[in-house]
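The block underneath contains the structure these notes are about, expressed in structure tokens.
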Amino acid sequence: FVQAYYRGVDESDLRAVVDAAIWSEAVNRAGQLRWLSQRCVAAAAQRLARIDPPVARRMRNEALKRAREILDGLVRLPLPDATRQSLADTDHAWRALKSCLDQRLDLGSLSLADASADLALERAEALTGSLQAAGSSPILRVVNLCGRQRMRAQRVVKLGLMNRLGVASP
């Protein structure tokens with residue numbers, strides 16, 4: 001059936017479709033790192049504000065686990081050197097964020113985690129842009145923009161919780 005369906009379709013066209021799907025998934029996953037960074041700090045702020053701390057702890061752990069899965073998955077892609085360096089920078093920023101989140105939670109450590117999350121977000125943004133450029137499909141821009149919107153929604157939640165605690169956040 002598959003052979004009959006694709007009979008007459010140029011192999012290079014099929015390769016372009018497959019490549020677009022791979023790069024779209026990579027951009028989507030890297031984009032998730034942006035909102036996950038904000039979710040981690042929002043969960044920490046939620047715990048500190050004593051708003052359902054067990055749920056907040058679970059959200060943080062799930063976000064950290066998902067980020068690790070994404071980073072480990074992106075390493076396996078055939079990335080250009082510049083994108084591979086951007087991935088390494090993003091991974092380093094995520095390790096620093098996790099280290100901040102592993103500290104005893106108080107207003108000071110929350111502020112440090114927030115600054116670390118902003119760096120992780122910045123590095124994930126650069127990684128996503130690099131993946132978008134490497135894939136060179138116009139659809140990747142749309143995938144990237146949609147991911148940025150998810151990050152902004154999570155950032156609003158984080159900022160609201162930080163404001164409730166009286167912690168300044170950029």
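As shown in the structure tokens, the chain order sets the letters A, B, ...; within each chain, residues go from 1, and ligands are also counted from 1 in the order they appear.
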Compile the contact shell of range 86-96 of chain A as a VMD selection string: residues with an atom at most 12 Å away, counting only C-alpha atoms, same-chain residues fewer than 5 positions apart removed. chain A and resid 26 to 27 29 to 31 33 to 34 36 to 38 40 63 to 77 79 to 81 101 to 103 112 to 131
Write out, as a short mmCIF file (atom, residue, chain, number, x, y, z; two decimals), in the first residue's frame, the residues just selected, with N, CA and C atoms.
data_model
loop_
_atom_site.label_atom_id
_atom_site.label_comp_id
_atom_site.auth_asym_id
_atom_site.auth_seq_id
_atom_site.Cartn_x
_atom_site.Cartn_y
_atom_site.Cartn_z
N ALA A 26 12.18 18.91 16.83
CA ALA A 26 13.33 19.43 17.58
C ALA A 26 13.07 20.85 18.07
N VAL A 27 12.52 21.70 17.19
CA VAL A 27 12.21 23.08 17.59
C VAL A 27 11.14 23.08 18.68
N ARG A 29 10.47 20.72 20.89
CA ARG A 29 11.04 20.24 22.16
C ARG A 29 11.96 21.28 22.80
N ALA A 30 12.82 21.87 22.01
CA ALA A 30 13.70 22.91 22.55
C ALA A 30 12.87 24.08 23.07
N GLY A 31 11.79 24.41 22.37
CA GLY A 31 10.91 25.47 22.82
C GLY A 31 10.24 25.16 24.15
N LEU A 33 11.61 23.82 26.60
CA LEU A 33 12.56 24.16 27.66
C LEU A 33 12.32 25.56 28.19
N ARG A 34 11.84 26.46 27.33
CA ARG A 34 11.58 27.84 27.76
C ARG A 34 10.50 27.87 28.83
N LEU A 36 9.28 25.34 30.55
CA LEU A 36 9.61 24.49 31.69
C LEU A 36 10.48 25.23 32.69
N SER A 37 11.37 26.10 32.21
CA SER A 37 12.21 26.88 33.13
C SER A 37 11.34 27.77 34.02
N GLN A 38 10.32 28.36 33.43
CA GLN A 38 9.43 29.23 34.19
C GLN A 38 8.53 28.42 35.13
N CYS A 40 9.30 25.62 36.62
CA CYS A 40 10.08 25.19 37.79
C CYS A 40 10.06 26.25 38.89
N ALA A 63 8.71 18.78 35.62
CA ALA A 63 9.34 19.74 34.70
C ALA A 63 10.83 19.46 34.55
N LEU A 64 11.50 19.19 35.66
CA LEU A 64 12.93 18.86 35.59
C LEU A 64 13.17 17.56 34.82
N LYS A 65 12.33 16.58 35.05
CA LYS A 65 12.46 15.30 34.34
C LYS A 65 12.23 15.50 32.84
N ARG A 66 11.21 16.25 32.49
CA ARG A 66 10.91 16.50 31.08
C ARG A 66 12.05 17.27 30.41
N ALA A 67 12.60 18.25 31.09
CA ALA A 67 13.72 19.01 30.53
C ALA A 67 14.91 18.08 30.27
N ARG A 68 15.20 17.21 31.21
CA ARG A 68 16.32 16.27 31.04
C ARG A 68 16.06 15.36 29.84
N GLU A 69 14.84 14.86 29.70
CA GLU A 69 14.49 14.01 28.56
C GLU A 69 14.67 14.75 27.24
N ILE A 70 14.26 16.00 27.20
CA ILE A 70 14.39 16.80 25.98
C ILE A 70 15.85 17.01 25.65
N LEU A 71 16.64 17.41 26.63
CA LEU A 71 18.06 17.66 26.39
C LEU A 71 18.77 16.39 25.93
N ASP A 72 18.48 15.28 26.57
CA ASP A 72 19.09 14.00 26.19
C ASP A 72 18.66 13.58 24.78
N GLY A 73 17.42 13.86 24.42
CA GLY A 73 16.94 13.51 23.09
C GLY A 73 17.57 14.37 22.00
N LEU A 74 17.75 15.65 22.27
CA LEU A 74 18.33 16.55 21.27
C LEU A 74 19.79 16.22 20.99
N VAL A 75 20.49 15.70 21.98
CA VAL A 75 21.89 15.32 21.80
C VAL A 75 22.05 14.29 20.70
N ARG A 76 21.04 13.46 20.52
CA ARG A 76 21.13 12.38 19.53
C ARG A 76 20.91 12.84 18.08
N LEU A 77 20.49 14.08 17.90
CA LEU A 77 20.25 14.58 16.53
C LEU A 77 21.56 14.95 15.84
N LEU A 79 23.32 17.49 14.63
CA LEU A 79 23.27 18.95 14.71
C LEU A 79 24.54 19.58 14.16
N PRO A 80 24.40 20.75 13.55
CA PRO A 80 25.60 21.51 13.16
C PRO A 80 26.37 21.90 14.44
N ASP A 81 27.66 22.19 14.28
CA ASP A 81 28.51 22.49 15.44
C ASP A 81 27.98 23.65 16.28
N LEU A 101 17.39 24.91 42.47
CA LEU A 101 16.12 24.38 42.97
C LEU A 101 16.30 23.30 44.03
N ASP A 102 17.47 22.68 44.07
CA ASP A 102 17.75 21.65 45.06
C ASP A 102 18.13 22.25 46.42
N GLN A 103 18.37 23.55 46.47
CA GLN A 103 18.73 24.19 47.74
C GLN A 103 17.49 24.35 48.62
N LEU A 112 17.46 33.41 43.44
CA LEU A 112 18.57 32.81 42.69
C LEU A 112 18.04 31.83 41.63
N ALA A 113 17.05 31.04 41.99
CA ALA A 113 16.46 30.11 41.03
C ALA A 113 15.80 30.86 39.88
N ASP A 114 15.17 31.98 40.19
CA ASP A 114 14.53 32.78 39.15
C ASP A 114 15.56 33.33 38.17
N ALA A 115 16.66 33.83 38.68
CA ALA A 115 17.73 34.33 37.81
C ALA A 115 18.30 33.18 36.97
N SER A 116 18.47 32.03 37.58
CA SER A 116 18.98 30.87 36.87
C SER A 116 17.98 30.41 35.80
N ALA A 117 16.69 30.47 36.12
CA ALA A 117 15.66 30.09 35.15
C ALA A 117 15.65 31.05 33.97
N ASP A 118 15.90 32.32 34.25
CA ASP A 118 15.96 33.29 33.14
C ASP A 118 17.13 33.00 32.22
N LEU A 119 18.25 32.57 32.79
CA LEU A 119 19.39 32.19 31.95
C LEU A 119 19.06 30.93 31.15
N ALA A 120 18.42 29.95 31.78
CA ALA A 120 18.02 28.73 31.08
C ALA A 120 17.04 29.08 29.95
N LEU A 121 16.13 30.00 30.21
CA LEU A 121 15.19 30.44 29.18
C LEU A 121 15.94 31.11 28.02
N GLU A 122 16.87 31.98 28.35
CA GLU A 122 17.66 32.68 27.32
C GLU A 122 18.45 31.68 26.47
N ARG A 123 19.05 30.70 27.11
CA ARG A 123 19.82 29.69 26.36
C ARG A 123 18.90 28.81 25.52
N ALA A 124 17.74 28.47 26.06
CA ALA A 124 16.77 27.67 25.30
C ALA A 124 16.25 28.47 24.10
N GLU A 125 16.08 29.75 24.29
CA GLU A 125 15.65 30.62 23.18
C GLU A 125 16.70 30.61 22.06
N ALA A 126 17.96 30.71 22.44
CA ALA A 126 19.04 30.68 21.44
C ALA A 126 19.09 29.32 20.76
N LEU A 127 18.93 28.25 21.52
CA LEU A 127 18.93 26.90 20.96
C LEU A 127 17.78 26.73 19.97
N THR A 128 16.61 27.19 20.35
CA THR A 128 15.45 27.06 19.48
C THR A 128 15.67 27.83 18.18
N GLY A 129 16.22 29.03 18.28
CA GLY A 129 16.53 29.80 17.08
C GLY A 129 17.56 29.12 16.21
N SER A 130 18.54 28.51 16.81
CA SER A 130 19.57 27.79 16.07
C SER A 130 18.99 26.57 15.36
N LEU A 131 18.12 25.85 16.04
CA LEU A 131 17.45 24.71 15.41
C LEU A 131 16.54 25.16 14.27
#
Per-residue nearest contacts range 84-146 of chain A to range 48-53 of chain A, cut-off 9 Å, using only C-alpha atoms, as a Markdown table:
| residue | atom | partner | partner_atom | distance |
| --- | --- | --- | --- | --- |
| A:Leu105 | CA | A:Leu48 | CA | 7.0 |
| A:Asp106 | CA | A:Leu48 | CA | 6.9 |
| A:Leu107 | CA | A:Leu48 | CA | 8.0 |
| A:Leu110 | CA | A:Leu48 | CA | 8.6 |
Got a sec to tell me which of range 34-105 of chain A DSSP assigns to alpha helix (DSSP H), as a PyMOL selection string? chain A and resi 34-48+53-75+81-101
Find, counting only C-alpha atoms, the residue in A:Arg39, A:Thr83, A:Cys100, A:Arg57 that gets nearest to Ala153 in chain A.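 Ranking A:Arg39, A:Thr83, A:Cys100, A:Arg57 by distance to Ala153 in chain A, first place goes to A:Arg39.
CA of Leu161 in chain A is found 6.6 Å from CA of Ala42 in chain A.
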